[in-house]
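A.B. asks: Just one file: my_file-v3.cif, with mmCIF, C-alpha atoms and all ligand atoms.
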```cif
data_coords
#
loop_
_atom_site.group_PDB
_atom_site.id
_atom_site.type_symbol
_atom_site.label_atom_id
_atom_site.label_comp_id
_atom_site.auth_asym_id
_atom_site.auth_seq_id
_atom_site.Cartn_x
_atom_site.Cartn_y
_atom_site.Cartn_z
ATOM 1 C CA PHE A 53 30.304 77.284 105.271
ATOM 2 C CA LEU A 54 33.005 74.859 106.342
ATOM 3 C CA ALA A 55 34.240 74.986 109.918
ATOM 4 C CA ASN A 56 37.850 74.256 109.054
ATOM 5 C CA GLY A 57 37.826 76.787 106.249
ATOM 6 C CA SER A 58 39.231 79.452 108.557
ATOM 7 C CA THR A 59 42.590 77.682 108.855
ATOM 8 C CA ILE A 60 43.312 78.578 105.237
ATOM 9 C CA TYR A 61 43.115 82.292 105.949
ATOM 10 C CA SER A 62 45.172 82.268 109.133
ATOM 11 C CA GLN A 63 48.188 81.075 107.165
ATOM 12 C CA PRO A 64 50.491 83.654 105.594
ATOM 13 C CA GLN A 65 49.215 84.473 102.127
ATOM 14 C CA PRO A 66 51.465 83.205 99.338
ATOM 15 C CA GLN A 67 52.359 85.349 96.358
ATOM 16 C CA PRO A 68 49.486 85.390 93.860
ATOM 17 C CA GLN A 69 50.100 82.578 91.452
ATOM 18 C CA ILE A 70 47.859 80.933 88.923
ATOM 19 C CA VAL A 71 47.363 77.283 89.796
ATOM 20 C CA HIS A 72 45.660 75.267 87.132
ATOM 21 C CA SER A 73 43.253 72.513 87.881
ATOM 22 C CA THR A 74 44.688 69.119 87.072
ATOM 23 C CA THR A 75 41.255 67.785 86.207
ATOM 24 C CA ARG A 76 41.377 67.110 82.507
ATOM 25 C CA SER A 77 38.923 65.236 80.352
ATOM 26 C CA ASN A 78 39.301 61.472 80.070
ATOM 27 C CA THR A 79 39.418 61.363 76.307
ATOM 28 C CA MET A 80 42.596 62.967 75.035
ATOM 29 C CA PRO A 81 42.011 64.576 71.645
ATOM 30 C CA SER A 82 44.621 63.671 69.082
ATOM 31 C CA TRP A 83 45.713 64.874 65.690
ATOM 32 C CA ARG A 84 47.479 62.744 63.077
ATOM 33 C CA GLY A 85 48.848 63.770 59.706
ATOM 34 C CA TYR A 86 51.577 65.588 57.856
ATOM 35 C CA LEU A 87 52.703 68.748 59.606
ATOM 36 C CA PRO A 88 50.696 71.541 57.932
ATOM 37 C CA ILE A 89 53.119 73.772 56.030
ATOM 38 C CA LYS A 90 52.374 77.014 54.233
ATOM 39 C CA PHE A 91 52.505 76.484 50.480
ATOM 40 C CA GLU A 92 55.526 78.743 49.806
ATOM 41 C CA SER A 93 57.953 76.912 52.058
ATOM 42 C CA THR A 94 57.327 73.563 50.376
ATOM 43 C CA THR A 95 58.138 74.898 46.932
ATOM 44 C CA LEU A 96 61.044 77.225 47.668
ATOM 45 C CA ASP A 97 64.189 77.038 49.693
ATOM 46 C CA GLN A 98 63.775 79.515 52.491
ATOM 47 C CA TYR A 99 66.983 81.357 51.718
ATOM 48 C CA GLN A 100 65.752 82.108 48.207
ATOM 49 C CA MET A 101 62.765 83.997 49.543
ATOM 50 C CA THR A 102 63.043 87.466 51.015
ATOM 51 C CA PRO A 103 64.917 86.509 54.161
ATOM 52 C CA HIS A 104 63.099 87.021 57.431
ATOM 53 C CA PHE A 105 65.347 84.841 59.515
ATOM 54 C CA SER A 106 65.803 85.175 63.215
ATOM 55 C CA GLN A 107 69.457 85.946 63.977
ATOM 56 C CA LYS A 108 69.315 82.902 66.243
ATOM 57 C CA VAL A 109 69.838 79.453 64.720
ATOM 58 C CA PHE A 110 69.835 75.984 66.254
ATOM 59 C CA LEU A 111 72.856 73.750 65.613
ATOM 60 C CA GLY A 112 72.570 70.032 66.322
ATOM 61 C CA GLY A 113 74.803 66.994 66.030
ATOM 62 C CA ILE A 114 77.982 68.919 66.819
ATOM 63 C CA PRO A 115 80.908 66.450 66.824
ATOM 64 C CA SER A 116 82.457 66.104 70.279
ATOM 65 C CA GLU A 117 86.005 66.446 68.911
ATOM 66 C CA LEU A 118 85.233 69.951 67.640
ATOM 67 C CA THR A 119 86.300 72.766 69.968
ATOM 68 C CA GLU A 120 84.272 75.932 70.474
ATOM 69 C CA ALA A 121 87.067 77.959 68.856
ATOM 70 C CA GLU A 122 87.005 75.753 65.753
ATOM 71 C CA LEU A 123 83.227 75.972 65.526
ATOM 72 C CA LEU A 124 83.303 79.770 65.862
ATOM 73 C CA LEU A 125 85.960 79.976 63.167
ATOM 74 C CA VAL A 126 83.571 78.279 60.736
ATOM 75 C CA LEU A 127 80.447 80.177 61.816
ATOM 76 C CA ARG A 128 82.132 83.600 61.686
ATOM 77 C CA LYS A 129 82.840 83.179 57.978
ATOM 78 C CA PHE A 130 79.209 84.216 57.519
ATOM 79 C CA GLY A 131 79.172 87.174 59.911
ATOM 80 C CA LYS A 132 79.767 88.273 63.500
ATOM 81 C CA CYS A 133 78.192 85.842 65.937
ATOM 82 C CA ASN A 134 78.249 84.272 69.380
ATOM 83 C CA ILE A 135 77.426 80.780 70.588
ATOM 84 C CA LYS A 136 74.830 80.197 73.300
ATOM 85 C CA TRP A 137 75.337 76.823 74.967
ATOM 86 C CA PRO A 138 72.534 75.058 76.850
ATOM 87 C CA LYS A 139 72.239 76.353 80.417
ATOM 88 C CA ASN A 140 73.601 73.362 82.369
ATOM 89 C CA ASN A 141 76.850 73.408 80.422
ATOM 90 C CA GLY A 142 78.861 74.292 83.536
ATOM 91 C CA ILE A 143 78.311 70.808 84.964
ATOM 92 C CA ASN A 144 79.290 68.946 81.841
ATOM 93 C CA HIS A 145 82.794 69.455 80.471
ATOM 94 C CA ASN A 146 82.063 67.744 77.179
ATOM 95 C CA MET A 147 80.652 69.616 74.214
ATOM 96 C CA PRO A 148 76.883 69.218 74.632
ATOM 97 C CA GLY A 149 76.301 68.375 70.965
ATOM 98 C CA PHE A 150 73.883 71.202 70.295
ATOM 99 C CA CYS A 151 73.746 74.956 70.773
ATOM 100 C CA HIS A 152 72.310 78.160 69.366
ATOM 101 C CA VAL A 153 74.343 80.602 67.347
ATOM 102 C CA VAL A 154 73.263 84.257 67.399
ATOM 103 C CA TYR A 155 74.367 86.379 64.453
ATOM 104 C CA ARG A 156 74.487 90.150 64.576
ATOM 105 C CA GLU A 157 72.597 90.352 61.279
ATOM 106 C CA SER A 158 69.960 88.024 59.884
ATOM 107 C CA ARG A 159 71.508 88.128 56.408
ATOM 108 C CA SER A 160 74.420 86.137 57.870
ATOM 109 C CA VAL A 161 71.916 83.326 58.450
ATOM 110 C CA ALA A 162 70.941 83.370 54.771
ATOM 111 C CA GLU A 163 74.664 83.270 53.946
ATOM 112 C CA LEU A 164 75.186 80.309 56.293
ATOM 113 C CA LEU A 165 72.300 78.409 54.673
ATOM 114 C CA LYS A 166 73.758 78.934 51.209
ATOM 115 C CA HIS A 167 76.730 76.869 52.361
ATOM 116 C CA CYS A 168 74.558 74.037 53.655
ATOM 117 C CA THR A 169 73.310 70.954 51.874
ATOM 118 C CA ARG A 170 69.530 70.572 51.921
ATOM 119 C CA GLN A 171 67.236 67.639 52.470
ATOM 120 C CA GLN A 172 63.685 68.332 51.394
ATOM 121 C CA ARG A 173 61.083 66.498 53.427
ATOM 122 C CA SER A 174 57.851 68.177 54.509
ATOM 123 C CA THR A 175 60.228 70.828 55.817
ATOM 124 C CA ILE A 176 63.784 71.507 54.668
ATOM 125 C CA ASP A 177 66.665 70.164 56.738
ATOM 126 C CA TYR A 178 69.987 71.983 56.377
ATOM 127 C CA PHE A 179 73.420 70.500 57.039
ATOM 128 C CA LEU A 180 76.716 72.341 57.293
ATOM 129 C CA HIS A 181 79.655 70.048 56.571
ATOM 130 C CA ILE A 182 82.536 70.898 58.844
ATOM 131 C CA HIS A 183 86.073 69.952 58.011
ATOM 132 C CA ILE A 184 87.585 68.101 60.969
ATOM 133 C CA LEU A 185 91.358 68.492 60.961
ATOM 134 C CA PRO A 186 93.478 65.342 61.232
ATOM 135 C CA THR A 187 94.636 64.505 64.733
ATOM 136 C CA THR A 188 98.273 65.446 65.213
ATOM 137 C CA THR A 189 98.778 64.054 68.701
ATOM 138 C CA GLY A 190 98.529 60.536 70.084
ATOM 139 C CA LEU A 191 96.987 58.103 67.639
ATOM 140 C CA SER A 192 98.197 58.240 64.091
ATOM 141 C CA ILE A 193 94.866 59.131 62.503
ATOM 142 C CA ARG A 194 95.766 61.126 59.417
ATOM 143 C CA THR A 195 92.499 61.188 57.539
ATOM 144 C CA THR A 196 90.672 64.464 57.101
ATOM 145 C CA ARG A 197 86.925 64.156 57.429
ATOM 146 C CA PHE A 198 83.801 66.194 56.876
ATOM 147 C CA LYS A 199 81.107 65.967 59.505
ATOM 148 C CA PRO A 200 77.564 67.262 59.068
ATOM 149 C CA ILE A 201 76.096 69.679 61.603
ATOM 150 C CA GLN A 202 72.348 70.148 61.497
ATOM 151 C CA VAL A 203 71.365 73.801 61.022
ATOM 152 C CA VAL A 204 67.792 74.774 61.920
ATOM 153 C CA PRO A 205 66.895 78.383 61.040
ATOM 154 C CA TRP A 206 63.706 80.097 62.154
ATOM 155 C CA ASN A 207 61.618 82.275 59.866
ATOM 156 C CA VAL A 208 60.123 85.119 61.941
ATOM 157 C CA LYS A 209 57.188 85.219 59.515
ATOM 158 C CA ASP A 210 56.128 81.934 61.128
ATOM 159 C CA ASN A 211 55.554 83.621 64.507
ATOM 160 C CA VAL A 212 52.032 84.867 63.777
ATOM 161 C CA TYR A 213 49.310 83.492 61.567
ATOM 162 C CA VAL A 214 45.878 85.067 61.101
ATOM 163 C CA MET A 215 43.514 82.404 59.864
ATOM 164 C CA GLN A 216 40.136 84.095 59.572
ATOM 165 C CA GLN A 217 41.081 87.503 58.226
ATOM 166 C CA ASP A 218 37.888 87.904 56.168
ATOM 167 C CA ASN A 219 35.578 87.763 59.154
ATOM 168 C CA MET A 220 37.545 90.385 61.005
ATOM 169 C CA SER A 221 37.298 94.107 61.160
ATOM 170 C CA ASN A 222 40.653 95.893 61.207
ATOM 171 C CA ASN A 223 40.175 96.596 64.873
ATOM 172 C CA GLU A 224 43.434 95.628 66.591
ATOM 173 C CA THR A 225 41.739 94.977 69.927
ATOM 174 C CA SER A 226 39.710 92.092 68.511
ATOM 175 C CA TYR A 227 42.959 90.074 68.417
ATOM 176 C CA LYS A 228 43.299 90.518 72.157
ATOM 177 C CA ASP A 229 40.247 88.688 73.406
ATOM 178 C CA TRP A 230 41.697 86.745 76.340
ATOM 179 C CA SER A 231 38.354 85.081 77.032
ATOM 180 C CA ARG A 232 38.830 82.985 73.872
ATOM 181 C CA THR A 233 42.615 82.559 74.027
ATOM 182 C CA ILE A 234 44.436 79.393 75.073
ATOM 183 C CA PHE A 235 48.066 78.962 76.087
ATOM 184 C CA VAL A 236 49.889 75.922 74.647
ATOM 185 C CA SER A 237 53.195 74.315 75.637
ATOM 186 C CA PRO A 238 55.660 72.779 75.005
ATOM 187 C CA LEU A 239 55.787 73.437 71.269
ATOM 188 C CA HIS A 240 58.076 71.441 69.010
ATOM 189 C CA GLY A 241 60.737 73.517 67.214
ATOM 190 C CA LYS A 242 59.218 72.817 63.806
ATOM 191 C CA MET A 243 55.784 74.051 64.796
ATOM 192 C CA THR A 244 54.856 77.335 63.138
ATOM 193 C CA ALA A 245 51.901 79.603 63.892
ATOM 194 C CA PHE A 246 50.376 78.248 60.684
ATOM 195 C CA SER A 247 50.670 74.589 61.672
ATOM 196 C CA LEU A 248 49.486 75.362 65.212
ATOM 197 C CA SER A 249 46.361 77.192 64.026
ATOM 198 C CA THR A 250 45.606 74.533 61.405
ATOM 199 C CA ILE A 251 45.810 71.672 63.901
ATOM 200 C CA MET A 252 43.812 73.514 66.574
ATOM 201 C CA SER A 253 41.051 74.447 64.133
ATOM 202 C CA ASN A 254 40.890 70.851 62.869
ATOM 203 C CA VAL A 255 40.433 69.508 66.373
ATOM 204 C CA PHE A 256 38.530 72.165 68.340
ATOM 205 C CA GLY A 257 36.940 74.615 65.882
ATOM 206 C CA ALA A 258 37.583 77.803 63.932
ATOM 207 C CA VAL A 259 40.750 79.702 64.891
ATOM 208 C CA LEU A 260 41.206 83.423 64.424
ATOM 209 C CA MET A 261 44.924 83.677 65.089
ATOM 210 C CA ALA A 262 47.853 81.719 66.462
ATOM 211 C CA GLN A 263 51.036 83.187 67.852
ATOM 212 C CA ILE A 264 54.401 81.660 68.785
ATOM 213 C CA ASN A 265 56.010 83.303 71.813
ATOM 214 C CA THR A 266 59.575 84.403 71.149
ATOM 215 C CA ASP A 267 62.680 85.849 72.760
ATOM 216 C CA LYS A 268 64.304 89.162 71.776
ATOM 217 C CA TYR A 269 65.641 87.561 68.589
ATOM 218 C CA GLY A 270 62.154 86.589 67.406
ATOM 219 C CA TYR A 271 63.116 82.972 68.138
ATOM 220 C CA PRO A 272 60.540 80.566 69.652
ATOM 221 C CA THR A 273 60.620 79.976 73.401
ATOM 222 C CA GLY A 274 58.475 76.835 73.220
ATOM 223 C CA THR A 275 55.049 78.273 74.044
ATOM 224 C CA GLY A 276 52.256 79.854 72.037
ATOM 225 C CA THR A 277 48.720 81.202 72.122
ATOM 226 C CA VAL A 278 45.661 80.452 70.010
ATOM 227 C CA LEU A 279 42.655 82.772 69.732
ATOM 228 C CA PHE A 280 39.473 80.953 68.728
ATOM 229 C CA CYS A 281 36.628 82.496 66.725
ATOM 230 C CA ASP A 282 33.964 81.471 69.207
ATOM 231 C CA SER A 283 33.808 80.543 72.851
ATOM 232 C CA HIS A 284 32.542 77.000 72.166
ATOM 233 C CA SER A 285 35.791 76.043 70.411
ATOM 234 C CA TYR A 286 37.732 77.705 73.216
ATOM 235 C CA MET A 287 35.784 75.768 75.846
ATOM 236 C CA ARG A 288 36.337 72.465 74.039
ATOM 237 C CA ALA A 289 40.094 73.103 73.991
ATOM 238 C CA VAL A 290 40.342 74.174 77.638
ATOM 239 C CA ALA A 291 38.147 71.304 78.823
ATOM 240 C CA ALA A 292 40.365 68.850 76.892
ATOM 241 C CA GLY A 293 43.460 70.250 78.624
ATOM 242 C CA ALA A 294 45.890 68.606 76.209
ATOM 243 C CA ILE A 295 46.296 67.377 72.657
ATOM 244 C CA ASP A 296 48.383 64.544 71.267
ATOM 245 C CA ILE A 297 50.029 65.521 67.979
ATOM 246 C CA LYS A 298 51.697 62.892 65.816
ATOM 247 C CA CYS A 299 53.014 64.026 62.454
ATOM 248 C CA ASP A 300 55.825 63.136 60.066
ATOM 249 C CA CYS A 301 58.243 65.443 61.939
ATOM 250 C CA PHE A 302 57.509 64.679 65.596
ATOM 251 C CA HIS A 303 55.179 63.175 68.184
ATOM 252 C CA LYS A 304 54.377 65.586 70.992
ATOM 253 C CA LEU A 305 51.848 66.051 73.762
ATOM 254 C CA LEU A 306 50.842 69.703 74.142
ATOM 255 C CA ASP A 307 49.316 71.079 77.324
ATOM 256 C CA ILE A 308 46.405 73.448 76.832
ATOM 257 C CA ASP A 309 45.631 76.048 79.478
ATOM 258 C CA PRO A 310 43.328 79.039 79.515
ATOM 259 C CA PHE A 311 45.338 82.176 78.859
ATOM 260 C CA LEU A 312 45.235 84.084 82.114
ATOM 261 C CA ARG A 313 46.515 87.586 82.386
ATOM 262 C CA GLU A 314 48.743 88.501 85.260
ATOM 263 C CA ASN A 315 46.511 89.732 88.104
ATOM 264 C CA GLU A 316 43.439 88.180 86.482
ATOM 265 C CA PRO A 317 40.479 89.104 88.711
ATOM 266 C CA CYS A 318 38.224 86.521 90.326
ATOM 267 C CA ALA A 319 35.024 86.042 88.313
ATOM 268 C CA PHE A 320 32.906 86.707 91.409
ATOM 269 C CA CYS A 321 34.717 89.347 93.452
ATOM 270 C CA PRO A 322 37.423 92.004 92.990
ATOM 271 C CA LEU A 323 40.229 89.847 94.431
ATOM 272 C CA ILE A 324 43.037 88.469 92.262
ATOM 273 C CA ALA A 325 42.294 84.950 91.059
ATOM 274 C CA ASP A 326 44.683 82.136 91.832
ATOM 275 C CA LEU A 327 42.620 79.165 90.670
ATOM 276 C CA PHE A 328 40.926 78.223 87.448
ATOM 277 C CA CYS A 329 38.153 75.662 87.141
ATOM 278 C CA ARG A 330 38.569 73.534 84.037
ATOM 279 C CA ASN A 331 35.123 71.935 84.339
ATOM 280 C CA PHE A 332 33.312 72.445 81.041
ATOM 281 C CA HIS A 333 30.327 74.058 82.782
ATOM 282 C CA CYS A 334 32.518 76.346 84.896
ATOM 283 C CA LEU A 335 35.695 77.526 83.069
ATOM 284 C CA ARG A 336 36.249 80.547 85.297
ATOM 285 C CA SER A 337 38.934 82.127 87.455
ATOM 286 C CA TYR A 338 38.439 82.103 91.207
ATOM 287 C CA CYS A 339 40.013 83.529 94.303
ATOM 288 C CA LYS A 340 40.441 80.948 97.094
ATOM 289 C CA GLN A 341 37.335 82.023 99.006
ATOM 290 C CA CYS A 342 34.999 82.059 96.000
ATOM 291 C CA TRP A 343 36.398 78.678 94.950
ATOM 292 C CA ILE A 344 35.474 77.191 98.325
ATOM 293 C CA ASN A 345 32.063 78.883 98.222
ATOM 294 C CA ARG A 346 31.267 77.276 94.881
ATOM 295 C CA HIS A 347 33.210 74.009 94.903
ATOM 296 C CA GLY A 348 33.595 73.141 98.586
ATOM 297 C CA SER A 349 36.959 72.669 100.262
ATOM 298 C CA LYS A 350 37.978 69.625 98.212
ATOM 299 C CA PRO A 351 41.505 69.845 96.867
ATOM 300 C CA LEU A 352 41.787 70.408 93.126
HETATM 301 ZN ZN ZN B 1 36.526 85.838 94.520
HETATM 302 ZN ZN ZN B 2 34.053 74.853 88.721
#
```
Is it possible to express this structure as structure tokens?
Ligand SMILES: [Zn+2]
Ligand SMILES: [Zn+2]

C.D. replies:
Amino acid sequence: FLANGSTIYSQPQPQPQIVHSTTRSNTMPSWRGYLPIKFESTTLDQYQMTPHFSQKVFLGGIPSELTEAELLLVLRKFGKCNIKWPKNNGINHNMPGFCHVVYRESRSVAELLKHCTRQQRSTIDYFLHIHILPTTTGLSIRTTRFKPIQVVPWNVKDNVYVMQQDNMSNNETSYKDWSRTIFVSPLHGKMTAFSLSTIMSNVFGAVLMAQINTDKYGYPTGTGTVLFCDSHSYMRAVAAGAIDIKCDCFHKLLDIDPFLRENEPCAFCPLIADLFCRNFHCLRSYCKQCWINRHGSKPL
């Protein structure tokens, strides 16, 4: 055992925190193609289907000359709502150009979308055309104009997708096998549980279920989990550590981490783990002491 190992334990113990190994494989797996979309959404406008919209909607391309009061006046035609500005808004006095609107009822979102123009690509893009009033002060601009605001709704049915239903018993607990679950981030806003599971199964192997993590409105928070059918696919994904996704909608690098529960125990003793070895032949959680016992004192 290492002589200088004792210095680690004389220091005050930090709060248990999962620290991931930065050792990732040299060859970054990649996926190229059209963003996989469930068949229904390509053939139907979402608002025509039974609406399962999150009350929270993304608005982009907001004209800087529009005030919050004017924007609310338009949005409240479709129901009671509030605007959530990006967090650092206090620093910047200008309108940030994008925000989320949270309606009290999800049917208001369907109502809002009915008043939008639609652009069908692999997904549907919605635009609300806002009437900008002519300027009455200063310059003599008298023209009235319509400006498009991008409206991006979220269908809560896209939060979970079970891929391999046939192979499964109805046992609920089989969907909670953390030993075959990965954590992915940051997800692009257009990525559904269906597209996530399709891409992951194409690259790493059969997927049982994918889930998009959400806030209290059922709206994505930018992370997700994927449960693989077998541990070999799981190990391939964790050993890769990342995946490069380039599709018609976006190009994004996703980090892949093993899903670790809070207070995950060390694989070799009852202590709480704070390290995870990403080596393909290891792939286990360790407390600091067991890590040093098995890997030496080298930094990660
Ligand atoms: Zn241990
Ligand atoms: Zn190891």

A.B. asks: What would the selection look like, as JSON, numbers by chain, if the PyMOL selection byres (((not hetatm)) within 7 of (chain B and resi 1)) were run on the coordinates I just shared?

C.D. replies: {"A": [318, 319, 320, 321, 322, 323, 325, 338, 339, 340, 341, 342]}

A.B. asks: Need the shell around Ser106 (chain A): protein/DNA/RNA residues with any atom at most 6 Å away, counting only C-alpha atoms. Skip same-chain ones fewer than 2 positions apart. Format as a list in words?

C.D. replies: Lys108, Trp206, Val208, Tyr269 and Gly270 of chain A

A.B. asks: Give one line per residue of chain A that approaches ligand ZN 2 (chain B) to at most 12 Å, naming the two atoms of the closest pair and their distance in Å to one decimal, counting all atoms listed in the file; sort by chain then ascending residue number and deliver it as JSON lines.

C.D. replies:
```
{"residue": "A:His72", "atom": "CA", "partner": "B:ZN2", "partner_atom": "ZN", "distance": 11.7}
{"residue": "A:Ser73", "atom": "CA", "partner": "B:ZN2", "partner_atom": "ZN", "distance": 9.5}
{"residue": "A:Thr75", "atom": "CA", "partner": "B:ZN2", "partner_atom": "ZN", "distance": 10.4}
{"residue": "A:Ala291", "atom": "CA", "partner": "B:ZN2", "partner_atom": "ZN", "distance": 11.3}
{"residue": "A:Ala319", "atom": "CA", "partner": "B:ZN2", "partner_atom": "ZN", "distance": 11.2}
{"residue": "A:Leu327", "atom": "CA", "partner": "B:ZN2", "partner_atom": "ZN", "distance": 9.8}
{"residue": "A:Phe328", "atom": "CA", "partner": "B:ZN2", "partner_atom": "ZN", "distance": 7.8}
{"residue": "A:Cys329", "atom": "CA", "partner": "B:ZN2", "partner_atom": "ZN", "distance": 4.5}
{"residue": "A:Arg330", "atom": "CA", "partner": "B:ZN2", "partner_atom": "ZN", "distance": 6.6}
{"residue": "A:Asn331", "atom": "CA", "partner": "B:ZN2", "partner_atom": "ZN", "distance": 5.4}
{"residue": "A:Phe332", "atom": "CA", "partner": "B:ZN2", "partner_atom": "ZN", "distance": 8.1}
{"residue": "A:His333", "atom": "CA", "partner": "B:ZN2", "partner_atom": "ZN", "distance": 7.1}
{"residue": "A:Cys334", "atom": "CA", "partner": "B:ZN2", "partner_atom": "ZN", "distance": 4.4}
{"residue": "A:Leu335", "atom": "CA", "partner": "B:ZN2", "partner_atom": "ZN", "distance": 6.5}
{"residue": "A:Arg336", "atom": "CA", "partner": "B:ZN2", "partner_atom": "ZN", "distance": 7.0}
{"residue": "A:Ser337", "atom": "CA", "partner": "B:ZN2", "partner_atom": "ZN", "distance": 8.9}
{"residue": "A:Tyr338", "atom": "CA", "partner": "B:ZN2", "partner_atom": "ZN", "distance": 8.8}
{"residue": "A:Cys339", "atom": "CA", "partner": "B:ZN2", "partner_atom": "ZN", "distance": 11.9}
{"residue": "A:Cys342", "atom": "CA", "partner": "B:ZN2", "partner_atom": "ZN", "distance": 10.3}
{"residue": "A:Trp343", "atom": "CA", "partner": "B:ZN2", "partner_atom": "ZN", "distance": 7.7}
{"residue": "A:Ile344", "atom": "CA", "partner": "B:ZN2", "partner_atom": "ZN", "distance": 10.0}
{"residue": "A:Asn345", "atom": "CA", "partner": "B:ZN2", "partner_atom": "ZN", "distance": 10.5}
{"residue": "A:Arg346", "atom": "CA", "partner": "B:ZN2", "partner_atom": "ZN", "distance": 7.2}
{"residue": "A:His347", "atom": "CA", "partner": "B:ZN2", "partner_atom": "ZN", "distance": 6.3}
{"residue": "A:Gly348", "atom": "CA", "partner": "B:ZN2", "partner_atom": "ZN", "distance": 10.0}
{"residue": "A:Lys350", "atom": "CA", "partner": "B:ZN2", "partner_atom": "ZN", "distance": 11.5}
{"residue": "A:Leu352", "atom": "CA", "partner": "B:ZN2", "partner_atom": "ZN", "distance": 9.9}
```

A.B. asks: Rank A:Lys209, A:Arg173, A:Lys199, A:Lys139 by their smallest atom-to-atom distance to Leu185 (chain A), using only C-alpha atoms, and report the top residue only.

C.D. replies: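 Between A:Lys209, A:Arg173, A:Lys199, A:Lys139, the residue approaching Leu185 (chain A) most closely is A:Lys199.
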
A.B. asks: Would you list the contacts of Phe302 (chain A) as JSON, numbers by chain, taking every protein, DNA or RNA residue within 12 Å and counting all atoms listed in the file, but skipping same-chain residues closer than 4 positions in sequence?

C.D. replies: {"A": [83, 84, 85, 86, 87, 174, 175, 239, 240, 241, 242, 243, 296, 297, 298, 306]}

A.B. asks: Give the answer as one residue: which of A:Pro148, A:Gly293, A:Pro205, A:Pro317 has the shortest atom-to-atom distance to Gln107 (chain A), using all atoms listed in the file?

C.D. replies: A:Pro205

A.B. asks: Have a look at CA of Glu122 (chain A) and CA of Cys168 (chain A) and let me know their distance in Å, one decimal.

C.D. replies: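 Computing it gives 17.4 Å between the two atoms.
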
A.B. asks: Between A:Lys90, A:Lys136, A:Arg128, A:His152, which is the closest to Leu111 (chain A) once you count all atoms listed in the file?

C.D. replies: A:His152

A.B. asks: Show me, as a list in words, the residues that have an atom within 7 Å of Val153 (chain A) when counting all atoms listed in the file, minus same-chain residues fewer than 2 positions from it.

C.D. replies: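 After dropping sequence-adjacent residues, the list is Lys108, Val109, Phe110, Cys133, Asn134, Ile135, Lys136, Cys151 and Tyr155 of chain A.
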
A.B. asks: Running the PyMOL selection byres (((chain A and resi 276-285) around 6) and not hetatm) on this model by hand, what would come out? Give it as a list of chain:residue names.

C.D. replies: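 On the file shown, the PyMOL selection byres (((chain A and resi 276-285) around 6) and not hetatm) covers A:Arg232, A:Thr233, A:Ile234, A:Phe235, A:Val236, A:Phe256, A:Gly257, A:Ala258, A:Val259, A:Leu260, A:Met261, A:Ala262, A:Gln263, A:Ile264, A:Asn265, A:Thr275, A:Tyr286, A:Met287, A:Arg288.
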
A.B. asks: Go ahead and compute the interatomic distance for CA of Asp309 (chain A) and CA of Ser247 (chain A), in Å to one decimal.

C.D. replies: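 Taking CA of Asp309 (chain A) as the start and CA of Ser247 (chain A) as the end point, the length is 18.6 Å.
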
A.B. asks: Have a look at A:Asp177, A:Leu123, A:Leu312, A:Asn207 and name the one nearest to Val161 (chain A); count only C-alpha atoms.

C.D. replies: A:Asn207

A.B. asks: Just the number, please: distance in Å from CA of Gly149 (chain A) to CA of Thr244 (chain A), one decimal.

C.D. replies: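 These two atoms are separated by 24.5 Å.
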
A.B. asks: Output requested as a PDB file, in the frame of the given file - region 158-165 of chain A, filled out with N, CA, C and O atoms.

C.D. replies:
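Written output follows (part.pdb):
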```pdb
ATOM      1  N   SER A 158      70.666  89.217  60.355  1.00  0.00           N
ATOM      2  CA  SER A 158      69.960  88.024  59.884  1.00  0.00           C
ATOM      3  C   SER A 158      70.422  87.605  58.489  1.00  0.00           C
ATOM      4  O   SER A 158      70.259  86.461  58.096  1.00  0.00           O
ATOM      5  N   ARG A 159      71.034  88.531  57.740  1.00  0.00           N
ATOM      6  CA  ARG A 159      71.508  88.128  56.408  1.00  0.00           C
ATOM      7  C   ARG A 159      72.677  87.144  56.508  1.00  0.00           C
ATOM      8  O   ARG A 159      72.954  86.413  55.565  1.00  0.00           O
ATOM      9  N   SER A 160      73.370  87.137  57.657  1.00  0.00           N
ATOM     10  CA  SER A 160      74.420  86.137  57.870  1.00  0.00           C
ATOM     11  C   SER A 160      73.828  84.733  57.896  1.00  0.00           C
ATOM     12  O   SER A 160      74.471  83.765  57.486  1.00  0.00           O
ATOM     13  N   VAL A 161      72.583  84.628  58.398  1.00  0.00           N
ATOM     14  CA  VAL A 161      71.916  83.326  58.450  1.00  0.00           C
ATOM     15  C   VAL A 161      71.641  82.830  57.031  1.00  0.00           C
ATOM     16  O   VAL A 161      71.875  81.659  56.711  1.00  0.00           O
ATOM     17  N   ALA A 162      71.171  83.737  56.168  1.00  0.00           N
ATOM     18  CA  ALA A 162      70.941  83.370  54.771  1.00  0.00           C
ATOM     19  C   ALA A 162      72.251  82.920  54.126  1.00  0.00           C
ATOM     20  O   ALA A 162      72.285  81.958  53.354  1.00  0.00           O
ATOM     21  N   GLU A 163      73.337  83.612  54.474  1.00  0.00           N
ATOM     22  CA  GLU A 163      74.664  83.270  53.946  1.00  0.00           C
ATOM     23  C   GLU A 163      75.094  81.880  54.432  1.00  0.00           C
ATOM     24  O   GLU A 163      75.591  81.063  53.654  1.00  0.00           O
ATOM     25  N   LEU A 164      74.869  81.622  55.716  1.00  0.00           N
ATOM     26  CA  LEU A 164      75.186  80.309  56.293  1.00  0.00           C
ATOM     27  C   LEU A 164      74.424  79.203  55.560  1.00  0.00           C
ATOM     28  O   LEU A 164      74.988  78.172  55.200  1.00  0.00           O
ATOM     29  N   LEU A 165      73.136  79.445  55.303  1.00  0.00           N
ATOM     30  CA  LEU A 165      72.300  78.409  54.673  1.00  0.00           C
ATOM     31  C   LEU A 165      72.729  78.127  53.243  1.00  0.00           C
ATOM     32  O   LEU A 165      72.573  77.015  52.749  1.00  0.00           O
TER      33      LEU A 165
END
```
